[in-house]
file run.cif (mmCIF, C-alpha atoms)
data_my_file
loop_
_atom_site.label_atom_id
_atom_site.label_comp_id
_atom_site.auth_asym_id
_atom_site.auth_seq_id
_atom_site.Cartn_x
_atom_site.Cartn_y
_atom_site.Cartn_z
CA MET O 1 -97.06 149.45 -15.35
CA ASN O 2 -97.15 147.02 -12.42
CA ARG O 3 -94.27 146.50 -10.03
CA ASP O 4 -93.08 143.21 -11.55
CA LYS O 5 -92.93 144.66 -15.09
CA LEU O 6 -91.09 147.72 -13.82
CA LYS O 7 -88.57 145.47 -12.08
CA VAL O 8 -87.91 143.55 -15.31
CA VAL O 9 -87.52 146.74 -17.40
CA LEU O 10 -85.13 148.24 -14.85
CA LEU O 11 -83.19 145.01 -14.63
CA LEU O 12 -82.77 144.87 -18.42
CA SER O 13 -81.65 148.50 -18.50
CA LEU O 14 -79.11 147.84 -15.75
CA LEU O 15 -77.95 144.76 -17.60
CA PHE O 16 -77.33 146.83 -20.72
CA VAL O 17 -75.34 149.46 -18.81
CA GLY O 18 -73.47 146.72 -16.95
CA PHE O 19 -72.66 144.99 -20.24
CA ILE O 20 -71.00 148.12 -21.61
CA LEU O 21 -69.08 148.87 -18.40
CA ASN O 22 -68.03 145.26 -17.99
CA ASN O 23 -66.76 145.03 -21.55
CA ILE O 24 -64.76 148.21 -21.21
CA ILE O 25 -63.12 146.88 -18.04
CA VAL O 26 -62.43 143.41 -19.48
CA PHE O 27 -61.17 144.92 -22.75
CA LEU O 28 -58.79 147.26 -20.93
CA PHE O 29 -57.61 144.50 -18.62
CA LEU O 30 -56.97 142.14 -21.55
CA ASN O 31 -55.04 144.77 -23.45
CA LEU O 32 -53.00 145.55 -20.37
CA LEU O 33 -52.15 141.86 -19.98
CA LEU O 34 -51.27 141.59 -23.66
CA LEU O 35 -49.09 144.65 -23.44
CA VAL O 36 -47.30 143.83 -20.22
CA VAL O 37 -47.25 140.08 -19.69
CA PHE O 38 -46.96 138.38 -23.09
CA PRO O 39 -44.21 138.82 -25.67
CA ALA O 40 -45.17 139.98 -29.17
CA ASN O 41 -44.72 136.56 -30.83
CA GLU O 42 -47.21 134.95 -28.40
CA ARG O 43 -50.03 137.42 -29.06
CA GLN O 44 -51.11 136.28 -32.53
CA ASN O 45 -53.60 133.69 -31.25
CA LEU O 46 -55.18 135.82 -28.54
CA SER O 47 -57.38 138.08 -30.64
CA TYR O 48 -60.54 135.99 -30.15
CA LEU O 49 -60.50 136.93 -26.46
CA ARG O 50 -61.44 140.46 -27.44
CA LYS O 51 -64.33 139.47 -29.75
CA PRO O 52 -67.90 140.55 -28.85
CA LYS O 53 -69.18 136.98 -28.49
CA PHE O 54 -66.56 136.13 -25.89
CA LEU O 55 -67.18 139.39 -24.07
CA LEU O 56 -70.94 138.73 -24.11
CA SER O 57 -70.52 135.34 -22.45
CA ILE O 58 -68.21 136.91 -19.86
CA THR O 59 -70.88 139.56 -19.24
CA LEU O 60 -73.60 137.01 -18.65
CA ILE O 61 -71.68 135.29 -15.91
CA SER O 62 -70.41 138.47 -14.26
CA VAL O 63 -72.91 141.33 -14.65
CA LEU O 64 -76.11 139.29 -14.31
CA PRO O 65 -75.42 137.74 -10.87
CA LEU O 66 -74.17 141.11 -9.55
CA LEU O 67 -77.29 142.92 -10.71
CA LEU O 68 -79.61 140.23 -9.43
CA SER O 69 -77.98 140.06 -5.99
CA TYR O 70 -77.99 143.87 -5.75
CA TRP O 71 -81.64 143.97 -6.81
CA ASN O 72 -82.72 141.32 -4.33
CA GLU O 73 -80.46 142.81 -1.61
CA ASN O 74 -78.95 139.36 -1.24
CA ASN O 75 -75.19 139.06 -0.41
CA PHE O 76 -73.96 141.58 -2.98
CA ILE O 77 -70.37 141.72 -1.64
CA GLU O 78 -70.11 137.92 -1.56
CA THR O 79 -71.29 137.81 -5.21
CA LEU O 80 -68.82 140.52 -6.18
CA VAL O 81 -65.91 138.53 -4.69
CA LEU O 82 -67.12 135.34 -6.40
CA VAL O 83 -67.48 137.01 -9.82
CA SER O 84 -64.09 138.75 -9.58
CA LYS O 85 -62.41 135.46 -8.67
CA VAL O 86 -64.02 133.63 -11.62
CA LEU O 87 -63.21 136.43 -14.10
CA LEU O 88 -59.57 136.68 -13.09
CA ARG O 89 -59.12 132.94 -13.33
CA ALA O 90 -60.84 132.83 -16.75
CA LEU O 91 -58.69 135.60 -18.21
CA PHE O 92 -55.52 133.95 -16.98
CA VAL O 93 -56.43 130.38 -18.03
CA LEU O 94 -57.72 131.43 -21.48
CA GLN O 95 -54.54 133.32 -22.26
CA ILE O 96 -52.39 130.39 -21.19
CA MET O 97 -54.56 127.98 -23.24
CA SER O 98 -54.26 130.20 -26.31
CA ILE O 99 -50.49 130.29 -25.99
CA LEU O 100 -50.31 126.52 -25.53
CA TYR O 101 -52.58 125.99 -28.56
CA ASN O 102 -50.24 128.16 -30.61
CA ARG O 103 -47.40 125.80 -29.78
CA ILE O 104 -49.19 122.58 -30.86
CA ASN O 105 -47.20 120.76 -33.50
CA LYS O 106 -49.74 119.26 -35.92
CA ASP O 107 -47.07 117.27 -37.78
CA ARG O 108 -46.12 115.54 -34.55
CA ILE O 109 -49.74 114.54 -33.93
CA VAL O 110 -49.93 113.03 -37.44
CA TRP O 111 -46.58 111.27 -36.89
CA TYR O 112 -47.86 109.81 -33.62
CA PHE O 113 -51.16 108.59 -35.14
CA ASP O 114 -49.20 107.10 -38.04
CA LYS O 115 -47.45 104.86 -35.53
CA ILE O 116 -50.78 103.61 -34.11
CA PHE O 117 -52.99 103.30 -37.20
CA PRO O 118 -52.06 101.67 -40.54
CA HIS O 119 -51.44 104.16 -43.41
CA PHE O 120 -52.71 107.07 -41.29
CA GLN O 121 -50.85 109.78 -43.17
CA GLU O 122 -51.88 108.34 -46.55
CA ASN O 123 -55.54 108.11 -45.49
CA LEU O 124 -55.41 111.61 -44.03
CA GLU O 125 -54.16 113.03 -47.32
CA LEU O 126 -56.82 111.07 -49.24
CA THR O 127 -59.47 112.32 -46.80
CA ILE O 128 -58.46 115.95 -47.34
CA GLU O 129 -58.53 115.37 -51.12
CA THR O 130 -61.97 113.67 -50.87
CA MET O 131 -63.31 116.41 -48.61
CA THR O 132 -62.17 119.10 -51.04
CA LYS O 133 -63.75 117.30 -54.01
CA LEU O 134 -67.02 116.68 -52.16
CA LYS O 135 -67.17 120.33 -51.11
CA GLN O 136 -66.38 121.41 -54.66
CA ASN O 137 -69.18 119.17 -55.97
CA LEU O 138 -71.53 120.58 -53.35
CA ILE O 139 -70.73 124.15 -54.43
CA GLU O 140 -71.18 123.27 -58.13
CA ASN O 141 -74.58 121.67 -57.43
CA LYS O 142 -75.79 123.97 -54.68
CA SER O 143 -78.82 125.00 -56.72
CA LEU O 144 -79.89 121.33 -56.78
CA ILE O 145 -79.06 120.58 -53.16
CA PHE O 146 -80.13 123.69 -51.27
CA THR O 147 -83.75 123.67 -52.33
CA ASN O 148 -86.82 123.64 -50.14
CA ALA O 149 -87.98 120.50 -51.89
CA LEU O 150 -84.89 118.62 -50.72
CA TRP O 151 -85.36 119.63 -47.09
CA LYS O 152 -89.04 118.65 -47.28
CA LYS O 153 -88.02 115.30 -48.77
CA LEU O 154 -85.42 114.84 -46.03
CA VAL O 155 -88.07 115.38 -43.36
CA PHE O 156 -90.91 113.38 -44.93
CA HIS O 157 -88.91 110.72 -46.81
CA PRO O 158 -85.59 110.51 -44.93
CA LYS O 159 -84.69 107.01 -46.10
CA ALA O 160 -85.04 107.69 -49.83
CA THR O 161 -83.41 111.12 -49.61
CA LEU O 162 -80.47 109.89 -47.55
CA LYS O 163 -80.06 107.02 -49.99
CA ASN O 164 -79.90 109.46 -52.92
CA LEU O 165 -77.44 111.78 -51.16
CA ILE O 166 -75.08 109.01 -50.05
CA ALA O 167 -75.26 107.25 -53.42
CA ARG O 168 -74.43 110.53 -55.13
CA ALA O 169 -71.52 111.26 -52.78
CA TRP O 170 -70.23 107.69 -53.23
CA THR O 171 -70.41 108.03 -57.03
CA VAL O 172 -68.50 111.33 -56.89
CA TYR O 173 -65.92 109.74 -54.59
CA LEU O 174 -65.43 106.66 -56.79
CA ALA O 175 -65.22 108.75 -59.96
CA ASN O 176 -62.45 110.83 -58.39
CA ARG O 177 -60.63 107.75 -57.07
CA ASN O 178 -60.60 106.25 -60.59
CA ASP O 179 -59.08 109.38 -62.11
CA MET R 1 -49.95 96.43 -32.64
CA LYS R 2 -51.39 97.76 -35.89
CA PHE R 3 -54.52 96.18 -37.36
CA THR R 4 -54.95 95.63 -41.09
CA MET R 5 -57.54 96.94 -43.54
CA ASN R 6 -58.08 95.79 -47.09
CA ARG R 7 -58.34 98.20 -50.05
CA ASN R 8 -62.16 98.33 -49.99
CA GLU R 9 -62.28 98.99 -46.26
CA GLN R 10 -59.70 101.73 -46.70
CA ASN R 11 -61.86 103.19 -49.49
CA ILE R 12 -64.89 103.29 -47.21
CA LEU R 13 -62.82 104.78 -44.37
CA VAL R 14 -61.65 107.62 -46.62
CA PHE R 15 -65.20 108.14 -47.96
CA PHE R 16 -66.72 108.39 -44.47
CA ALA R 17 -63.85 110.51 -43.16
CA GLY R 18 -64.10 112.83 -46.19
CA LEU R 19 -67.85 113.26 -45.84
CA TRP R 20 -67.73 113.79 -42.06
CA SER R 21 -64.79 116.19 -42.39
CA ALA R 22 -66.60 118.18 -45.08
CA ILE R 23 -69.59 118.59 -42.73
CA GLU R 24 -67.39 119.39 -39.71
CA VAL R 25 -65.27 121.93 -41.54
CA SER R 26 -68.17 123.70 -43.28
CA LEU R 27 -71.35 123.29 -41.18
CA GLY R 28 -69.37 122.76 -37.94
CA THR R 29 -67.45 126.01 -38.36
CA ILE R 30 -70.63 127.96 -39.20
CA LEU R 31 -72.43 126.53 -36.15
CA SER R 32 -69.46 127.16 -33.85
CA LEU R 33 -69.16 130.77 -34.97
CA SER R 34 -72.91 131.39 -34.74
CA LYS R 35 -73.04 130.02 -31.14
CA ILE R 36 -76.44 128.44 -31.85
CA PRO R 37 -77.70 126.50 -28.80
CA PHE R 38 -77.54 122.70 -29.06
CA ARG R 39 -75.00 122.89 -31.93
CA GLY R 40 -72.97 120.21 -30.12
CA LEU R 41 -75.99 117.93 -30.11
CA LEU R 42 -76.49 118.36 -33.87
CA LEU R 43 -72.82 117.84 -34.78
CA ALA R 44 -72.48 114.88 -32.41
CA SER R 45 -75.59 113.30 -33.98
CA ILE R 46 -74.00 113.62 -37.43
CA GLY R 47 -70.75 112.17 -36.04
CA CYS R 48 -72.71 109.32 -34.43
CA PHE R 49 -74.28 108.46 -37.81
CA PHE R 50 -70.84 108.15 -39.44
CA ILE R 51 -69.29 106.20 -36.55
CA VAL R 52 -72.18 103.70 -36.31
CA SER R 53 -72.49 103.29 -40.10
CA PHE R 54 -68.76 102.76 -40.53
CA ARG R 55 -68.57 100.25 -37.67
CA TYR R 56 -71.60 98.39 -39.06
CA ILE R 57 -69.91 98.02 -42.46
CA VAL R 58 -66.30 97.54 -41.30
CA ASP R 59 -66.65 95.69 -37.99
CA LYS R 60 -63.02 95.56 -36.90
CA PRO R 61 -61.40 96.65 -33.64
CA ARG R 62 -60.17 100.27 -33.44
CA VAL R 63 -61.82 101.40 -36.70
CA SER R 64 -64.13 103.84 -34.88
CA ILE R 65 -61.23 105.62 -33.17
CA TYR R 66 -59.31 105.54 -36.47
CA LEU R 67 -62.16 107.31 -38.31
CA ALA R 68 -62.57 109.88 -35.51
CA SER R 69 -58.78 110.50 -35.36
CA ILE R 70 -58.64 111.35 -39.08
CA VAL R 71 -61.60 113.75 -38.80
CA ALA R 72 -60.12 115.31 -35.64
CA VAL R 73 -56.79 115.97 -37.37
CA VAL R 74 -58.57 117.43 -40.43
CA LYS R 75 -60.58 119.67 -38.09
CA LEU R 76 -57.35 120.72 -36.35
CA ILE R 77 -55.69 121.56 -39.68
CA PHE R 78 -58.63 123.46 -41.18
CA SER R 79 -59.84 125.38 -38.10
CA LEU R 80 -58.43 128.55 -36.69
CA GLY R 81 -57.74 129.26 -33.03
CA ALA R 82 -58.35 127.38 -29.81
CA GLY R 83 -61.99 126.67 -30.80
CA GLY R 84 -60.80 124.31 -33.52
CA PHE R 85 -58.57 122.48 -31.05
CA ASN R 86 -61.51 122.13 -28.68
CA SER R 87 -63.67 120.60 -31.45
CA ALA R 88 -60.87 118.28 -32.55
CA VAL R 89 -60.48 116.94 -29.00
CA ALA R 90 -64.27 116.46 -28.80
CA ILE R 91 -64.36 114.48 -32.08
CA PHE R 92 -61.46 112.29 -30.96
CA LEU R 93 -63.08 111.57 -27.59
CA GLU R 94 -66.43 110.78 -29.23
CA GLY R 95 -64.59 108.19 -31.32
CA LEU R 96 -62.95 106.82 -28.19
CA ILE R 97 -66.32 106.46 -26.41
CA ALA R 98 -67.74 104.64 -29.45
CA GLU R 99 -64.66 102.40 -29.66
CA ILE R 100 -64.94 101.36 -26.00
CA ILE R 101 -68.65 100.50 -26.31
CA PHE R 102 -68.24 98.65 -29.63
CA SER R 103 -65.22 96.73 -28.27
CA VAL R 104 -67.29 95.43 -25.38
CA LEU R 105 -70.64 94.82 -27.07
CA LYS R 106 -69.76 94.47 -30.83
CA ALA R 107 -71.71 96.34 -33.52
CA ASN R 108 -75.41 95.68 -32.94
CA LEU R 109 -78.64 97.53 -32.17
CA ILE R 110 -78.00 97.85 -28.41
CA SER R 111 -74.38 98.94 -28.73
CA SER R 112 -75.31 101.44 -31.48
CA SER R 113 -77.98 102.90 -29.22
CA LEU R 114 -75.49 103.19 -26.34
CA VAL R 115 -72.87 104.67 -28.65
CA GLY R 116 -75.49 107.24 -29.71
CA GLY R 117 -76.23 108.02 -26.07
CA GLY R 118 -72.53 108.35 -25.20
CA VAL R 119 -71.50 110.30 -28.29
CA VAL R 120 -74.39 112.78 -28.11
CA LEU R 121 -74.07 113.19 -24.33
CA TYR R 122 -70.35 113.89 -24.67
CA PRO R 123 -70.56 117.52 -26.00
CA PHE R 124 -72.68 118.41 -22.98
CA PHE R 125 -70.03 117.08 -20.59
CA HIS R 126 -67.29 118.59 -22.73
CA SER R 127 -68.90 121.98 -22.25
CA LEU R 128 -69.18 121.42 -18.47
CA VAL R 129 -65.54 120.31 -18.20
CA THR R 130 -64.29 123.19 -20.37
CA GLN R 131 -66.20 125.71 -18.27
CA THR R 132 -64.89 124.17 -15.04
CA LEU R 133 -61.35 124.29 -16.41
CA ILE R 134 -61.62 127.92 -17.55
CA PHE R 135 -63.74 129.46 -14.81
CA GLY R 136 -63.18 127.02 -11.95
CA VAL R 137 -65.84 125.18 -9.92
CA ASP R 138 -67.16 128.58 -8.79
CA ILE R 139 -68.87 128.96 -12.17
CA PHE R 140 -71.58 126.55 -10.97
CA ARG R 141 -72.05 128.63 -7.82
CA ILE R 142 -72.60 131.63 -10.12
CA TYR R 143 -75.10 129.75 -12.31
CA ASN R 144 -76.83 128.53 -9.18
CA LYS R 145 -76.93 132.08 -7.85
CA ILE R 146 -78.37 133.47 -11.12
CA LEU R 147 -81.06 130.79 -11.11
CA GLY R 148 -81.89 131.28 -7.42
CA GLU R 149 -81.96 135.07 -7.69
CA ILE R 150 -84.25 134.97 -10.77
CA GLN R 151 -86.62 132.70 -8.87
CA LEU R 152 -86.45 135.08 -5.91
CA LEU R 153 -87.14 138.06 -8.18
CA PHE R 154 -90.39 136.52 -9.33
CA GLY R 155 -91.35 135.35 -5.86
CA LYS R 156 -90.91 131.65 -6.50
CA THR R 157 -90.35 129.63 -3.38
CA SER R 158 -89.16 126.35 -4.93
CA LYS R 159 -85.36 126.27 -5.23
CA PHE R 160 -84.53 124.63 -8.54
CA THR R 161 -80.72 124.25 -8.52
CA ILE R 162 -78.31 124.26 -11.44
CA PHE R 163 -77.20 120.72 -10.52
CA GLU R 164 -80.74 119.43 -10.95
CA LEU R 165 -80.88 121.18 -14.33
CA ILE R 166 -77.57 119.59 -15.36
CA ILE R 167 -78.92 116.12 -14.55
CA ILE R 168 -82.14 116.80 -16.47
CA PHE R 169 -80.23 118.09 -19.52
CA ALA R 170 -77.78 115.16 -19.38
CA LEU R 171 -80.71 112.73 -19.38
CA ILE R 172 -82.31 114.52 -22.33
CA TYR R 173 -79.01 114.45 -24.28
CA PHE R 174 -78.54 110.76 -23.50
CA LEU R 175 -82.07 109.79 -24.54
CA VAL R 176 -81.86 111.84 -27.75
CA GLY R 177 -78.49 110.17 -28.39
CA CYS R 178 -79.96 106.69 -27.92
CA VAL R 179 -82.63 107.48 -30.53
CA VAL R 180 -79.96 108.89 -32.88
CA GLY R 181 -77.91 105.70 -32.34
CA LEU R 182 -80.91 103.50 -33.16
CA LEU R 183 -81.70 105.53 -36.28
CA SER R 184 -78.04 105.45 -37.33
CA PHE R 185 -78.02 101.67 -37.03
CA TYR R 186 -81.26 101.44 -39.03
CA PHE R 187 -79.96 103.74 -41.79
CA ALA R 188 -76.59 101.97 -41.83
CA LYS R 189 -78.36 98.66 -42.37
CA LYS R 190 -81.07 99.76 -44.80
CA VAL R 191 -79.43 102.64 -46.67
CA VAL R 192 -75.65 102.89 -46.36
CA LYS R 193 -74.60 99.25 -46.55
CA PRO R 194 -76.62 98.40 -49.71
CA ILE R 195 -74.96 101.35 -51.51
CA LEU R 196 -71.43 100.53 -50.42
CA GLU R 197 -71.75 96.72 -50.29
CA PRO R 198 -71.00 95.85 -53.94
CA LYS R 199 -67.65 97.53 -53.53
CA THR R 200 -66.84 96.14 -50.06
CA GLY R 201 -67.30 92.43 -50.43
CA ASN R 202 -66.94 91.83 -46.65
CA GLU R 203 -69.41 90.49 -44.15
CA SER R 204 -70.42 92.43 -41.10
CA GLY R 205 -72.70 91.93 -38.14
#

call {"tool": "encode", "arguments": {"input": "run.cif", "output": "structure tokens"}}
result
Amino acid sequence: MNRDKLKVVLLLSLLFVGFILNNIIVFLFLNLLLLVVFPANERQNLSYLRKPKFLLSITLISVLPLLLSYWNENNFIETLVLVSKVLLRALFVLQIMSILYNRINKDRIVWYFDKIFPHFQENLELTIETMTKLKQNLIENKSLIFTNALWKKLVFHPKATLKNLIARAWTVYLANRND
Amino acid sequence: MKFTMNRNEQNILVFFAGLWSAIEVSLGTILSLSKIPFRGLLLASIGCFFIVSFRYIVDKPRVSIYLASIVAVVKLIFSLGAGGFNSAVAIFLEGLIAEIIFSVLKANLISSSLVGGGVVLYPFFHSLVTQTLIFGVDIFRIYNKILGEIQLLFGKTSKFTIFELIIIFALIYFLVGCVVGLLSFYFAKKVVKPILEPKTGNESG
């Protein structure tokens, strides 16, 4: 194995170890914050912060630069300070954003839009009804729609296929509106 | 001041909003959860098609932002967590971008192309802004460092910075968006309008 390949293999191994260590630290830190800082009624919307996908993205921006700077012997301490600063800020901001999101009043947003646009609430209700019926129709006809032939047609004959799909959706919509 | 819409225009608005919402709530949620790269580009392209088609058929001021507002609220209602809020804001702002361009240039081939460019480029900027808000400006120093260190690891001497990459990606998004806008205009004219026209009975440009 040449030196470059060895470097890559070692780097990937370190990345894997770093990923595990990093996640344990972030997980513990998050739980500590949840336990100490936020009251019980504010915690219901924070669970996604502990999901693997979020932790993976946090790993990529924290472990990777640390490993690379250590490997290249290039300002490791400076990178460590930078990464710690970014991580602390992210954890704090995300928790605050989650709490703020939890407090959003959807009815108030609808009420506000209703003042700007004509019949907003009525059209919103009709849209939800239409969406549900279109989805229902899609589920009932999934054997017809999700076929390879349809995707091939969509790629090679987009105009005709799109015409069929929209005409079909329009027919379904009008049939339901006439009910 | 509120604008007015006749019954047929309202019908088309609900049809477009229903179809777009169905895609956003089903496909959009699957794509968001899967974290597939360029999912924003795909969803914005679909959104662009609906915005351009609707504006081509119902060419009235504020209809683009109206359509996007309905879909954004539906997305907000049917999505869970802060991710749904993020998507709802993105849909609303895409509608706002389209509305500004259509208000200045009216619904035509050039404006549709620019709307495509703006709407498809938006998710890219949304992602940059969200990351800056969450991680701070230092996140770009980290990306820059990762890129520089990887180049150093493989003995590359040319320093390709993250800012250059951002500009290149933004250009790619914009150009893809312009093509999507052109195609949306073409399909709106050749496919969507003929289907919906007998029921609309209004002229559009």

call {"tool": "closest_residue", "arguments": {"input": "run.cif", "among": "R:Lys190, R:Arg7, R:Arg141, R:Arg62", "to": "Ile101 of chain R", "atoms": "only C-alpha atoms"}}
result
R:Arg62

call {"tool": "closest_residue", "arguments": {"input": "run.cif", "among": "R:Ile167, R:Ala22, R:Leu182, R:Leu43", "to": "Ser111 of chain R", "atoms": "all atoms listed in the file"}}
result
R:Leu182

call {"tool": "resolve_selection", "arguments": {"input": "run.cif", "expression": "the PyMOL selection byres ((chain O) within 6 of (chain R))", "output": "MDAnalysis selection string"}}
result
chainID O and resid 65 68 86 89:90 93 117 124 127 130:131 163

call {"tool": "residues_around", "arguments": {"input": "run.cif", "residues": "segment 48-58 of chain R", "least_positions_apart": "5", "cutoff": "7 Å", "atoms": "all atoms listed in the file", "output": "list in words"}}
result
Glu9, Phe16, Trp20, Val63, Ser64, Ala107, Ser112, Gly116, Val119, Gly181, Ser184, Phe185, Ala188, Lys193, Ser204 and Gly205 of chain R

call {"tool": "axis_aligned_box", "arguments": {"input": "run.cif", "around": "segment 93-101 of chain R", "padding_each_side": "5 Å", "output": "JSON"}}
result
{"center_x": -65.8, "center_y": 106.0, "center_z": -28.7, "size_x": 15.7, "size_y": 21.1, "size_z": 15.3}

call {"tool": "closest_residue", "arguments": {"input": "run.cif", "among": "R:Ser103, R:Leu41, R:Asn8, R:Ile110", "to": "Val176 of chain R", "atoms": "only C-alpha atoms"}}
result
R:Leu41

call {"tool": "atom_distance", "arguments": {"input": "run.cif", "atom1": "atom CA of Leu21 of chain O", "atom2": "atom CA of Thr59 of chain O"}}
result
9.5 Å

call {"tool": "closest_residue", "arguments": {"input": "run.cif", "among": "O:Val81, O:Lys135, O:Pro158, O:Phe120", "to": "Leu27 of chain R", "atoms": "only C-alpha atoms"}}
result
O:Lys135

call {"tool": "atom_distance", "arguments": {"input": "run.cif", "atom1": "atom CA of Leu100 of chain O", "atom2": "atom CA of Phe113 of chain O"}}
result
20.4 Å

call {"tool": "atom_distance", "arguments": {"input": "run.cif", "atom1": "atom CA of Ser62 of chain O", "atom2": "atom CA of Phe16 of chain O"}}
result
12.6 Å

call {"tool": "residues_around", "arguments": {"input": "run.cif", "residues": "Phe124 of chain R", "least_positions_apart": "5", "cutoff": "8 Å", "atoms": "only C-alpha atoms", "output": "PDB file with C-alpha atoms, in the frame of the given file"}}
result
ATOM      1  CA  GLY R  40     -72.970 120.210 -30.120  1.00  0.00           C
ATOM      2  CA  LEU R  41     -75.990 117.930 -30.110  1.00  0.00           C
ATOM      3  CA  ALA R 170     -77.780 115.160 -19.380  1.00  0.00           C
ATOM      4  CA  TYR R 173     -79.010 114.450 -24.280  1.00  0.00           C
TER       5      TYR R 173
END

call {"tool": "residues_around", "arguments": {"input": "run.cif", "residues": "Gly117 of chain R", "least_positions_apart": "3", "cutoff": "9 Å", "atoms": "all atoms listed in the file", "output": "short mmCIF file (atom, residue, chain, number, x, y, z; two decimals) with C-alpha atoms, in the coordinates of the input"}}
result
data_model
loop_
_atom_site.label_atom_id
_atom_site.label_comp_id
_atom_site.auth_asym_id
_atom_site.auth_seq_id
_atom_site.Cartn_x
_atom_site.Cartn_y
_atom_site.Cartn_z
CA SER R 112 -75.31 101.44 -31.48
CA SER R 113 -77.98 102.90 -29.22
CA LEU R 114 -75.49 103.19 -26.34
CA VAL R 120 -74.39 112.78 -28.11
CA LEU R 121 -74.07 113.19 -24.33
CA TYR R 122 -70.35 113.89 -24.67
CA TYR R 173 -79.01 114.45 -24.28
CA PHE R 174 -78.54 110.76 -23.50
CA LEU R 175 -82.07 109.79 -24.54
CA VAL R 176 -81.86 111.84 -27.75
CA GLY R 177 -78.49 110.17 -28.39
CA CYS R 178 -79.96 106.69 -27.92
CA VAL R 179 -82.63 107.48 -30.53
CA VAL R 180 -79.96 108.89 -32.88
CA GLY R 181 -77.91 105.70 -32.34
#
